[in-house]
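Text of query.pdb, listed as PDB, C-alpha atoms:
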ATOM      1  CA  MET A   1      93.334 102.048  81.740
ATOM      2  CA  THR A   2      96.275 100.849  83.848
ATOM      3  CA  ILE A   3      98.344 102.403  86.605
ATOM      4  CA  GLY A   4     100.955 103.806  84.186
ATOM      5  CA  GLN A   5      98.488 105.491  81.824
ATOM      6  CA  PRO A   6      97.147 109.018  82.173
ATOM      7  CA  LEU A   7      94.787 109.089  85.120
ATOM      8  CA  GLN A   8      92.580 111.801  86.510
ATOM      9  CA  PRO A   9      90.735 112.085  89.789
ATOM     10  CA  GLY A  10      87.297 110.676  89.180
ATOM     11  CA  ASP A  11      88.433 107.918  86.840
ATOM     12  CA  GLU A  12      86.919 104.579  87.804
ATOM     13  CA  ILE A  13      88.759 101.286  87.563
ATOM     14  CA  PRO A  14      87.084  98.029  86.458
ATOM     15  CA  VAL A  15      84.715  96.542  89.044
ATOM     16  CA  PHE A  16      84.986  93.131  90.696
ATOM     17  CA  ALA A  17      81.549  91.513  91.097
ATOM     18  CA  ARG A  18      80.677  88.334  92.948
ATOM     19  CA  ALA A  19      77.504  86.534  94.022
ATOM     20  CA  ALA A  20      76.908  86.776  97.765
ATOM     21  CA  ASP A  21      75.991  83.246  98.730
ATOM     22  CA  PHE A  22      77.131  80.119 100.512
ATOM     23  CA  ASP A  23      78.957  78.998  97.380
ATOM     24  CA  ALA A  24      81.570  81.724  97.923
ATOM     25  CA  TRP A  25      81.257  82.085 101.696
ATOM     26  CA  ASN A  26      81.880  78.413 102.413
ATOM     27  CA  ARG A  27      85.027  78.494 100.296
ATOM     28  CA  TYR A  28      86.248  81.517 102.207
ATOM     29  CA  ALA A  29      85.324  79.926 105.554
ATOM     30  CA  ALA A  30      87.365  76.901 104.549
ATOM     31  CA  VAL A  31      90.578  78.850 103.952
ATOM     32  CA  ASN A  32      90.148  81.407 106.744
ATOM     33  CA  ALA A  33      88.751  79.052 109.436
ATOM     34  CA  GLU A  34      85.651  81.215 109.668
ATOM     35  CA  PHE A  35      82.863  78.709 110.233
ATOM     36  CA  VAL A  36      80.548  80.978 112.187
ATOM     37  CA  PRO A  37      76.758  80.356 112.276
ATOM     38  CA  ILE A  38      75.784  83.835 111.003
ATOM     39  CA  HIS A  39      77.826  83.117 107.845
ATOM     40  CA  MET A  40      76.360  79.641 107.339
ATOM     41  CA  ASP A  41      72.739  79.669 108.434
ATOM     42  CA  ASP A  42      69.902  82.083 107.569
ATOM     43  CA  ALA A  43      68.229  81.390 110.914
ATOM     44  CA  ALA A  44      71.397  82.401 112.769
ATOM     45  CA  GLY A  45      71.587  85.538 110.650
ATOM     46  CA  ARG A  46      67.978  86.428 111.476
ATOM     47  CA  GLN A  47      68.585  85.783 115.165
ATOM     48  CA  ALA A  48      71.389  88.344 114.991
ATOM     49  CA  GLY A  49      69.031  90.910 113.429
ATOM     50  CA  HIS A  50      69.668  90.425 109.699
ATOM     51  CA  GLU A  51      67.389  89.292 106.866
ATOM     52  CA  THR A  52      69.571  86.314 106.007
ATOM     53  CA  ALA A  53      72.939  84.819 106.806
ATOM     54  CA  ILE A  54      75.619  87.441 106.190
ATOM     55  CA  GLY A  55      78.971  87.395 104.450
ATOM     56  CA  MET A  56      82.336  87.834 106.113
ATOM     57  CA  GLY A  57      83.746  91.338 106.376
ATOM     58  CA  ASN A  58      87.209  89.978 105.639
ATOM     59  CA  LEU A  59      85.960  88.592 102.341
ATOM     60  CA  GLY A  60      85.120  92.174 101.414
ATOM     61  CA  VAL A  61      88.778  93.058 101.973
ATOM     62  CA  SER A  62      89.715  90.264  99.571
ATOM     63  CA  GLN A  63      87.217  91.541  96.993
ATOM     64  CA  ILE A  64      88.632  95.070  97.181
ATOM     65  CA  ASN A  65      92.148  93.647  96.870
ATOM     66  CA  CYS A  66      91.103  91.406  93.948
ATOM     67  CA  MET A  67      89.725  94.458  92.164
ATOM     68  CA  LEU A  68      92.943  96.418  92.748
ATOM     69  CA  ARG A  69      95.168  93.502  91.713
ATOM     70  CA  SER A  70      93.183  92.912  88.533
ATOM     71  CA  TRP A  71      93.579  96.557  87.617
ATOM     72  CA  LEU A  72      97.302  96.630  88.474
ATOM     73  CA  ASN A  73      97.798  93.439  86.447
ATOM     74  CA  GLY A  74     101.214  92.818  87.990
ATOM     75  CA  HIS A  75     102.472  96.401  87.421
ATOM     76  CA  GLY A  76     102.356  97.712  90.964
ATOM     77  CA  ARG A  77     101.393  96.806  94.476
ATOM     78  CA  ILE A  78      98.711  97.530  97.035
ATOM     79  CA  ALA A  79     100.312  99.716  99.721
ATOM     80  CA  SER A  80      97.366 100.153 102.066
ATOM     81  CA  VAL A  81      93.650  99.678 102.442
ATOM     82  CA  ALA A  82      91.310 101.151 105.056
ATOM     83  CA  LEU A  83      87.703 100.004 105.086
ATOM     84  CA  GLN A  84      84.621 100.465 107.208
ATOM     85  CA  PHE A  85      82.049  97.703 107.097
ATOM     86  CA  ARG A  86      78.747  99.555 107.026
ATOM     87  CA  SER A  87      76.159  96.946 106.133
ATOM     88  CA  PRO A  88      76.409  93.186 106.036
ATOM     89  CA  ALA A  89      76.427  91.303 102.756
ATOM     90  CA  LEU A  90      73.047  89.595 102.534
ATOM     91  CA  ARG A  91      72.724  86.214 100.934
ATOM     92  CA  GLY A  92      71.288  86.132  97.419
ATOM     93  CA  ARG A  93      72.565  89.495  96.255
ATOM     94  CA  THR A  94      75.497  90.449  94.033
ATOM     95  CA  ASN A  95      78.347  92.379  95.629
ATOM     96  CA  VAL A  96      80.302  94.742  93.409
ATOM     97  CA  ALA A  97      83.666  96.257  94.394
ATOM     98  CA  HIS A  98      84.380  99.713  92.924
ATOM     99  CA  GLY A  99      87.380 102.023  92.850
ATOM    100  CA  ARG A 100      87.569 105.682  91.857
ATOM    101  CA  VAL A 101      90.845 107.591  91.541
ATOM    102  CA  LYS A 102      91.159 110.244  94.215
ATOM    103  CA  SER A 103      94.694 111.526  93.638
ATOM    104  CA  VAL A 104      97.770 110.760  91.524
ATOM    105  CA  TYR A 105     101.331 111.572  92.597
ATOM    106  CA  ASP A 106     104.303 111.034  90.292
ATOM    107  CA  ALA A 107     107.931 111.246  91.427
ATOM    108  CA  ASP A 108     111.134 109.613  90.146
ATOM    109  CA  HIS A 109     109.316 107.345  87.687
ATOM    110  CA  ALA A 110     107.115 106.046  90.495
ATOM    111  CA  ARG A 111     103.432 106.678  90.860
ATOM    112  CA  THR A 112     101.279 106.671  94.000
ATOM    113  CA  ILE A 113      97.535 106.619  93.531
ATOM    114  CA  THR A 114      94.881 106.913  96.193
ATOM    115  CA  LEU A 115      91.416 105.649  95.418
ATOM    116  CA  ASP A 116      88.040 105.763  97.056
ATOM    117  CA  VAL A 117      86.891 102.175  97.204
ATOM    118  CA  TRP A 118      83.557 100.666  98.097
ATOM    119  CA  ILE A 119      81.385  97.608  97.749
ATOM    120  CA  ASP A 120      77.692  97.855  97.002
ATOM    121  CA  ASP A 121      75.024  95.357  96.106
ATOM    122  CA  ASP A 122      72.330  95.140  93.468
ATOM    123  CA  ASP A 123      69.853  96.605  95.931
ATOM    124  CA  GLY A 124      71.943  99.799  96.080
ATOM    125  CA  THR A 125      73.172  99.211  99.607
ATOM    126  CA  VAL A 126      76.756 100.277 100.323
ATOM    127  CA  LEU A 127      78.341  97.480 102.337
ATOM    128  CA  THR A 128      81.898  98.719 102.645
ATOM    129  CA  ARG A 129      83.542 102.064 102.072
ATOM    130  CA  GLY A 130      87.070 103.318 102.436
ATOM    131  CA  THR A 131      90.297 104.216 100.699
ATOM    132  CA  ALA A 132      93.219 102.385  99.143
ATOM    133  CA  THR A 133      96.699 103.374  98.052
ATOM    134  CA  VAL A 134      98.593 101.627  95.265
ATOM    135  CA  GLU A 135     102.131 102.150  94.028
ATOM    136  CA  GLY A 136     103.732 101.391  90.699
ATOM    137  CA  PRO A 137     105.728 102.724  87.766
ATOM    138  CA  SER A 138     104.587 106.018  86.291
ATOM    139  CA  ARG A 139     105.226 104.859  82.680
TER
ATOM    140  CA  MET B 140      71.667 105.901 131.787
ATOM    141  CA  SER B 141      73.096 102.392 131.627
ATOM    142  CA  ALA B 142      76.493 101.557 133.089
ATOM    143  CA  SER B 143      79.509 101.694 130.849
ATOM    144  CA  LEU B 144      80.487  98.486 129.100
ATOM    145  CA  ILE B 145      84.132  99.476 129.482
ATOM    146  CA  THR B 146      85.379  98.502 132.915
ATOM    147  CA  PRO B 147      88.444 100.121 134.512
ATOM    148  CA  ALA B 148      90.370  96.890 133.902
ATOM    149  CA  MET B 149      89.514  97.028 130.196
ATOM    150  CA  ALA B 150      90.608 100.676 129.990
ATOM    151  CA  ASP B 151      93.863  99.792 131.748
ATOM    152  CA  ALA B 152      94.527  97.063 129.178
ATOM    153  CA  VAL B 153      94.867  99.518 126.277
ATOM    154  CA  GLY B 154      98.379  99.249 124.886
ATOM    155  CA  THR B 155      98.927  95.780 126.314
ATOM    156  CA  ASP B 156     100.382  92.996 124.198
ATOM    157  CA  ILE B 157      97.667  90.379 124.222
ATOM    158  CA  PHE B 158      98.659  87.764 121.751
ATOM    159  CA  ARG B 159     101.752  86.540 119.985
ATOM    160  CA  THR B 160     101.645  83.761 117.450
ATOM    161  CA  ARG B 161     103.962  82.195 114.900
ATOM    162  CA  SER B 162     102.858  80.378 111.778
ATOM    163  CA  TYR B 163     104.118  77.176 110.315
ATOM    164  CA  PRO B 164     106.101  77.717 107.108
ATOM    165  CA  ILE B 165     103.608  78.859 104.486
ATOM    166  CA  ALA B 166     102.740  76.083 102.047
ATOM    167  CA  ALA B 167     102.332  76.819  98.353
ATOM    168  CA  SER B 168      99.123  74.773  98.352
ATOM    169  CA  ASP B 169      97.642  77.003 101.080
ATOM    170  CA  ILE B 170      98.291  80.049  98.892
ATOM    171  CA  ARG B 171      96.633  78.319  95.942
ATOM    172  CA  LYS B 172      93.571  77.370  98.005
ATOM    173  CA  TRP B 173      93.232  80.938  99.282
ATOM    174  CA  ALA B 174      93.453  82.362  95.767
ATOM    175  CA  LEU B 175      90.912  79.875  94.447
ATOM    176  CA  ALA B 176      88.496  80.829  97.236
ATOM    177  CA  VAL B 177      88.680  84.605  96.852
ATOM    178  CA  TYR B 178      88.557  84.618  93.038
ATOM    179  CA  HIS B 179      85.852  81.938  92.755
ATOM    180  CA  PRO B 180      84.270  81.237  90.290
ATOM    181  CA  GLN B 181      87.061  82.643  88.081
ATOM    182  CA  SER B 182      90.598  81.298  88.019
ATOM    183  CA  PRO B 183      93.049  83.319  90.103
ATOM    184  CA  PRO B 184      95.955  85.159  88.454
ATOM    185  CA  PRO B 185      98.985  82.948  87.730
ATOM    186  CA  GLN B 186     101.282  84.659  90.249
ATOM    187  CA  PHE B 187      99.237  82.881  92.943
ATOM    188  CA  TRP B 188      99.429  79.360  91.507
ATOM    189  CA  ASP B 189     101.872  78.959  88.596
ATOM    190  CA  GLY B 190     105.050  78.280  90.542
ATOM    191  CA  GLY B 191     107.436  77.308  87.783
ATOM    192  CA  SER B 192     109.504  74.132  87.850
ATOM    193  CA  THR B 193     109.547  73.869  91.660
ATOM    194  CA  GLY B 194     105.930  74.890  92.077
ATOM    195  CA  ASP B 195     106.949  77.283  94.852
ATOM    196  CA  ASP B 196     107.754  80.436  92.899
ATOM    197  CA  ILE B 197     104.515  82.171  93.807
ATOM    198  CA  VAL B 198     103.410  84.942  96.153
ATOM    199  CA  ALA B 199     100.407  85.103  98.432
ATOM    200  CA  PRO B 200      97.557  87.555  97.959
ATOM    201  CA  GLU B 201      98.125  90.467 100.331
ATOM    202  CA  GLU B 202      95.270  89.441 102.620
ATOM    203  CA  PHE B 203      96.367  85.785 102.925
ATOM    204  CA  ASN B 204      96.070  84.471 106.491
ATOM    205  CA  PRO B 205      98.844  82.011 107.479
ATOM    206  CA  PHE B 206      97.354  81.569 110.968
ATOM    207  CA  ALA B 207      93.919  80.358 109.939
ATOM    208  CA  TRP B 208      93.854  76.707 110.902
ATOM    209  CA  MET B 209      96.805  75.858 113.095
ATOM    210  CA  THR B 210      99.874  77.646 114.395
ATOM    211  CA  ALA B 211     103.375  76.551 115.348
ATOM    212  CA  ASP B 212     103.381  78.756 118.448
ATOM    213  CA  PRO B 213     101.211  78.402 120.376
ATOM    214  CA  PRO B 214     100.987  74.876 119.005
ATOM    215  CA  GLY B 215      97.702  73.503 117.774
ATOM    216  CA  PRO B 216      94.454  75.028 116.564
ATOM    217  CA  PRO B 217      94.436  78.836 116.551
ATOM    218  CA  SER B 218      93.283  80.903 119.470
ATOM    219  CA  ALA B 219      93.683  84.222 117.665
ATOM    220  CA  LEU B 220      91.088  86.937 117.899
ATOM    221  CA  GLY B 221      88.143  86.664 115.609
ATOM    222  CA  PRO B 222      84.610  85.402 115.293
ATOM    223  CA  ALA B 223      85.651  81.797 115.850
ATOM    224  CA  GLY B 224      88.232  82.509 118.547
ATOM    225  CA  PRO B 225      88.182  83.540 122.182
ATOM    226  CA  SER B 226      87.135  87.039 123.132
ATOM    227  CA  LEU B 227      89.606  89.848 123.590
ATOM    228  CA  GLU B 228      88.728  89.990 127.274
ATOM    229  CA  SER B 229      89.381  86.291 127.824
ATOM    230  CA  LEU B 230      92.865  86.780 126.344
ATOM    231  CA  LEU B 231      93.345  89.611 128.833
ATOM    232  CA  GLY B 232      92.126  87.435 131.715
ATOM    233  CA  LEU B 233      89.099  89.694 132.226
ATOM    234  CA  PRO B 234      85.417  88.802 132.678
ATOM    235  CA  ASN B 235      83.246  88.316 129.601
ATOM    236  CA  VAL B 236      81.483  91.524 128.555
ATOM    237  CA  GLY B 237      78.182  89.648 128.153
ATOM    238  CA  LEU B 238      77.345  90.705 124.612
ATOM    239  CA  ALA B 239      75.956  88.012 122.342
ATOM    240  CA  TYR B 240      76.829  89.072 118.812
ATOM    241  CA  MET B 241      79.783  90.536 116.996
ATOM    242  CA  LEU B 242      80.431  92.238 113.702
ATOM    243  CA  ASN B 243      83.614  93.090 111.890
ATOM    244  CA  GLY B 244      83.523  96.897 111.972
ATOM    245  CA  GLY B 245      86.458  97.617 109.746
ATOM    246  CA  ILE B 246      90.089  97.195 108.934
ATOM    247  CA  GLU B 247      93.083  99.437 108.285
ATOM    248  CA  VAL B 248      96.046  97.621 106.808
ATOM    249  CA  ASP B 249      99.428  98.785 105.578
ATOM    250  CA  TYR B 250     101.187  96.148 103.478
ATOM    251  CA  GLY B 251     104.933  95.531 103.399
ATOM    252  CA  ALA B 252     106.895  92.544 102.131
ATOM    253  CA  PRO B 253     104.866  89.899 100.267
ATOM    254  CA  MET B 254     104.416  86.449 101.796
ATOM    255  CA  ARG B 255     105.877  83.491  99.904
ATOM    256  CA  PRO B 256     106.038  79.720 100.367
ATOM    257  CA  GLY B 257     108.376  78.800 103.220
ATOM    258  CA  ASP B 258     107.951  82.100 105.061
ATOM    259  CA  VAL B 259     107.312  81.874 108.793
ATOM    260  CA  ILE B 260     105.178  84.779 109.995
ATOM    261  CA  THR B 261     105.050  86.146 113.542
ATOM    262  CA  SER B 262     102.133  88.296 114.648
ATOM    263  CA  ILE B 263     102.045  90.438 117.781
ATOM    264  CA  THR B 264      98.669  91.919 118.692
ATOM    265  CA  THR B 265      98.005  94.742 121.133
ATOM    266  CA  VAL B 266      94.855  96.416 122.434
ATOM    267  CA  ALA B 267      94.522  99.685 120.500
ATOM    268  CA  ASP B 268      91.451 101.138 122.206
ATOM    269  CA  TYR B 269      87.886 100.608 123.444
ATOM    270  CA  SER B 270      84.853 102.784 122.842
ATOM    271  CA  GLU B 271      81.077 102.385 123.085
ATOM    272  CA  ARG B 272      77.928 103.842 121.634
ATOM    273  CA  GLU B 273      74.213 103.229 121.394
ATOM    274  CA  GLY B 274      73.127 101.392 118.254
ATOM    275  CA  ARG B 275      69.883 100.244 116.665
ATOM    276  CA  LEU B 276      70.143  96.999 118.593
ATOM    277  CA  GLY B 277      71.204  98.533 121.914
ATOM    278  CA  PRO B 278      74.569  99.273 123.517
ATOM    279  CA  MET B 279      77.553  98.495 121.317
ATOM    280  CA  LEU B 280      81.109  97.865 122.445
ATOM    281  CA  ILE B 281      83.768  98.777 119.890
ATOM    282  CA  SER B 282      87.247  97.368 120.398
ATOM    283  CA  ARG B 283      90.269  97.887 118.163
ATOM    284  CA  THR B 284      93.352  95.707 118.063
ATOM    285  CA  ARG B 285      96.636  96.348 116.289
ATOM    286  CA  SER B 286      98.645  93.489 114.796
ATOM    287  CA  GLU B 287     102.159  93.629 113.386
ATOM    288  CA  TRP B 288     103.268  90.752 111.155
ATOM    289  CA  THR B 289     106.927  90.097 110.442
ATOM    290  CA  LYS B 290     108.965  87.436 108.675
ATOM    291  CA  GLY B 291     111.856  85.497 110.191
ATOM    292  CA  ASP B 292     114.342  87.991 108.710
ATOM    293  CA  GLY B 293     112.498  90.840 110.403
ATOM    294  CA  ALA B 294     110.828  92.158 107.245
ATOM    295  CA  ARG B 295     107.450  93.718 108.024
ATOM    296  CA  VAL B 296     104.618  91.988 106.218
ATOM    297  CA  LYS B 297     101.791  94.211 107.366
ATOM    298  CA  THR B 298     100.414  96.364 110.137
ATOM    299  CA  GLN B 299      96.701  95.940 110.652
ATOM    300  CA  ILE B 300      94.098  97.521 112.894
ATOM    301  CA  ASN B 301      90.877  95.563 113.282
ATOM    302  CA  THR B 302      87.645  96.965 114.658
ATOM    303  CA  LEU B 303      85.240  94.569 116.344
ATOM    304  CA  ILE B 304      81.685  95.617 117.224
ATOM    305  CA  ARG B 305      79.810  93.630 119.838
ATOM    306  CA  TYR B 306      76.162  94.035 120.766
ATOM    307  CA  GLY B 307      73.043  92.293 122.067
ATOM    308  CA  THR B 308      72.400  90.605 125.377
ATOM    309  CA  SER B 309      73.025  86.884 125.747
TER
END

Write-out of the structure in structure tokens:
Amino acid sequence: MTIGQPLQPGDEIPVFARAADFDAWNRYAAVNAEFVPIHMDDAAGRQAGHETAIGMGNLGVSQINCMLRSWLNGHGRIASVALQFRSPALRGRTNVAHGRVKSVYDADHARTITLDVWIDDDDGTVLTRGTATVEGPSR
Amino acid sequence: MSASLITPAMADAVGTDIFRTRSYPIAASDIRKWALAVYHPQSPPPQFWDGGSTGDDIVAPEEFNPFAWMTADPPGPPSALGPAGPSLESLLGLPNVGLAYMLNGGIEVDYGAPMRPGDVITSITTVADYSEREGRLGPMLISRTRSEWTKGDGARVKTQINTLIRYGTS
């Protein structure tokens, strides 16, 4: 299923799953200058009221975008993303980005698709929820 | 009932330009490092690293941050908003709000022209609004900032609203 194929509201696009741990967080901290104790130290995370160190909200934006880009596979672009960060990503879990088609609009060989997007973890906790809009060719 | 966290000076600051910054020209290697980080442990798609004969014919992932480590203006390490930067109020010349912790509450971003190697990006950030509510861990201050990124030719790269949640006494 790609952006140009028949799509219906409710269709889900392939997920993007990543381990939530220092292995990924430290790499992201290195490129985004985000060396903050709650992202690097379980004790700092607990002091701030969490079970462990927590992941960066901005990394969740990247994971949603990675999911959308993988699905688009070069045949379209991400027009907009709006996300609420509802629960922090706890260390040791797996975070999975999801997208479900909400609406499809075709006009002049161009297609605009809105999707509900979210990230949850293997404990069933929804970390991030929002919407995204992508644009591309209709065929 | 506790006093409001939002002082009259903070309310008056809504709509104010608080920060303007300009990046150095984006380096192809910075784009590659970003892509490696966000796709880890898989390899990123080739449009983010396979730059042809010059090595520079790539684009940046939409969420790439050209201001992360150092900026051309103001020169030196970044002082942009964020967990590792100064508070919004310090940029406004206002007293610290006295809350110990912060969380990224959310983001709304509208993407325009893609960023490429050599692009110089200018960001102008304004105070969008303040609000407050009672949370599980006590009073929470919610501030939103709006940033507009443009290239040297005036092309809009993105418009982004960030929500920052602060809570907890120091």

Which of these, A:Trp118, A:Tyr105, A:Phe16, A:Trp25, has the shortest distance to Leu59 of chain A once you count all atoms listed in the file? A:Trp25

Show me which bits of chain B are within 6 Å of chain A, counting only C-alpha atoms, as a ChimeraX atom specification. /B:173,176,207-208,243-250

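Ranking A:Gly10, A:Met40, A:Ala53, A:Leu68 by their shortest atom-to-atom distance to Ala97 of chain A, with only C-alpha atoms included, puts A:Leu68 first.
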
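Here atom CA of Leu72 of chain A stands at a distance of 18.9 Å from atom CA of Leu175 of chain B.
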
Around all listed atoms of segment 177-181 of chain B, padded 6 Å per side, what centre and edge lengths does the axis-aligned box have in Å to one decimal, as JSON?
{"center_x": 86.5, "center_y": 82.9, "center_z": 92.5, "size_x": 16.4, "size_y": 15.4, "size_z": 20.8}

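What the PyMOL selection byres ((chain A and resi 125) around 10) grabs from this file is Arg86, Ser87, Pro88, Ala89, Asn95, Ile119, Asp120, Asp121, Asp122, Asp123, Gly124, Val126, Leu127 and Thr128 of chain A.
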
9 Å contact set for Gly92 of chain A, all atoms listed in the file, chain neighbours under 3 positions out, as a ChimeraX atom specification: /A:19-22,52

Could you list, as a PyMOL selection string, every residue matched by the PyMOL selection byres ((chain B and resi 188-203) around 6) in this structure? chain B and resi 167+170-171+185-187+204+254-255

Quick one, how far is atom CA of Lys297 of chain B from atom CA of His75 of chain A? 20.1 Å

Residue contacts of Thr264 of chain B (8 Å, all atoms listed in the file) excluding same-chain residues fewer than 5 positions away, as JSON, numbers by chain: {"B": [156, 157, 158, 159, 284, 285, 286, 287]}

Go ahead and save the residues from that selection, with C-alpha atoms, as a compact mmCIF listing (two decimals), in the coordinates of the input.
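So the final result, stored in selection.txt, reads:
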# COMPACT_ATOMS: atom_id res chain seq x y z
CA ASP B 156 100.38 93.00 124.20
CA ILE B 157 97.67 90.38 124.22
CA PHE B 158 98.66 87.76 121.75
CA ARG B 159 101.75 86.54 119.98
CA THR B 284 93.35 95.71 118.06
CA ARG B 285 96.64 96.35 116.29
CA SER B 286 98.64 93.49 114.80
CA GLU B 287 102.16 93.63 113.39

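Atom CA of Gly215 of chain B to atom CA of Val153 of chain B spans 27.5 Å [interatomic distance, one decimal].
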
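The smallest atom-to-atom distance between Asp169 of chain B and any of B:Thr210, B:Pro256, B:Asp151, B:Met241, using all atoms listed in the file, is found for B:Pro256.
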
Nearby residues, (66.9, 99.3, 120.6) file frame, 12 Å, only C-alpha atoms, as an mmCIF file with C-alpha atoms, keeping the file's coordinate frame:
data_model
loop_
_atom_site.group_PDB
_atom_site.id
_atom_site.type_symbol
_atom_site.label_atom_id
_atom_site.label_comp_id
_atom_site.auth_asym_id
_atom_site.auth_seq_id
_atom_site.Cartn_x
_atom_site.Cartn_y
_atom_site.Cartn_z
ATOM 1 C CA GLY A 49 69.031 90.910 113.429
ATOM 2 C CA ARG B 272 77.928 103.842 121.634
ATOM 3 C CA GLU B 273 74.213 103.229 121.394
ATOM 4 C CA GLY B 274 73.127 101.392 118.254
ATOM 5 C CA ARG B 275 69.883 100.244 116.665
ATOM 6 C CA LEU B 276 70.143 96.999 118.593
ATOM 7 C CA GLY B 277 71.204 98.533 121.914
ATOM 8 C CA PRO B 278 74.569 99.273 123.517
ATOM 9 C CA MET B 279 77.553 98.495 121.317
ATOM 10 C CA TYR B 306 76.162 94.035 120.766
ATOM 11 C CA GLY B 307 73.043 92.293 122.067
ATOM 12 C CA THR B 308 72.400 90.605 125.377
#

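Residue nearest Leu238 of chain B, chosen from B:Ser182, B:Leu280, B:Pro225, B:Trp288 and counting all atoms listed in the file: B:Leu280.
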
To test your reading of the syntax: which residues would the PyMOL selection byres ((chain B and resi 146) around 12) return for the file shown? Reply as a VMD selection string. chain B and resid 142 to 145 147 to 153 228 233 to 236 269 to 271 280

Would you kindly return, as a VMD selection string, each protein, DNA or RNA residue with an atom no farther than 9 Å from any atom of Arg283 of chain B, considering only C-alpha atoms and excluding same-chain residues fewer than 3 positions away? chain B and resid 265 to 270 300 to 304

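Residue nearest Asp106 of chain A within the list A:Ile64, A:Gln8, A:Gly45, A:Ser138: A:Ser138 [criterion: smallest interatomic distance, only C-alpha atoms].
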
Subset file: segment 144-157 of chain B, N, CA and C atoms, as a JSON list (two decimals), in the first residue's frame:
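Done, and the output landed in decode_23.json:
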[["chain", "number", "residue", "atom", "x", "y", "z"],
["B", 144, "LEU", "N", 0.63, 31.52, 38.21],
["B", 144, "LEU", "CA", 2.02, 31.46, 37.77],
["B", 144, "LEU", "C", 2.31, 32.49, 36.69],
["B", 145, "ILE", "N", 1.24, 32.97, 36.05],
["B", 145, "ILE", "CA", 1.41, 33.89, 34.92],
["B", 145, "ILE", "C", 1.33, 35.33, 35.44],
["B", 146, "THR", "N", 2.44, 36.00, 35.45],
["B", 146, "THR", "CA", 2.49, 37.37, 35.94],
["B", 146, "THR", "C", 1.98, 38.32, 34.85],
["B", 147, "PRO", "N", 1.60, 39.53, 35.23],
["B", 147, "PRO", "CA", 1.18, 40.51, 34.21],
["B", 147, "PRO", "C", 2.26, 40.72, 33.15],
["B", 148, "ALA", "N", 3.51, 40.72, 33.54],
["B", 148, "ALA", "CA", 4.59, 40.92, 32.56],
["B", 148, "ALA", "C", 4.65, 39.77, 31.57],
["B", 149, "MET", "N", 4.40, 38.56, 32.05],
["B", 149, "MET", "CA", 4.39, 37.40, 31.14],
["B", 149, "MET", "C", 3.21, 37.52, 30.17],
["B", 150, "ALA", "N", 2.05, 37.90, 30.69],
["B", 150, "ALA", "CA", 0.87, 38.05, 29.82],
["B", 150, "ALA", "C", 1.12, 39.12, 28.76],
["B", 151, "ASP", "N", 1.78, 40.20, 29.18],
["B", 151, "ASP", "CA", 2.07, 41.29, 28.23],
["B", 151, "ASP", "C", 3.05, 40.85, 27.14],
["B", 152, "ALA", "N", 3.83, 39.83, 27.41],
["B", 152, "ALA", "CA", 4.87, 39.41, 26.46],
["B", 152, "ALA", "C", 4.30, 38.58, 25.31],
["B", 153, "VAL", "N", 3.06, 38.16, 25.40],
["B", 153, "VAL", "CA", 2.47, 37.35, 24.32],
["B", 153, "VAL", "C", 2.48, 38.14, 23.02],
["B", 154, "GLY", "N", 2.98, 37.53, 21.98],
["B", 154, "GLY", "CA", 3.10, 38.18, 20.68],
["B", 154, "GLY", "C", 4.46, 38.81, 20.43],
["B", 155, "THR", "N", 5.29, 38.85, 21.46],
["B", 155, "THR", "CA", 6.60, 39.48, 21.34],
["B", 155, "THR", "C", 7.59, 38.55, 20.63],
["B", 156, "ASP", "N", 8.39, 39.16, 19.74],
["B", 156, "ASP", "CA", 9.53, 38.41, 19.19],
["B", 156, "ASP", "C", 10.55, 38.22, 20.30],
["B", 157, "ILE", "N", 10.94, 36.98, 20.53],
["B", 157, "ILE", "CA", 11.86, 36.75, 21.65],
["B", 157, "ILE", "C", 13.21, 36.26, 21.21]]
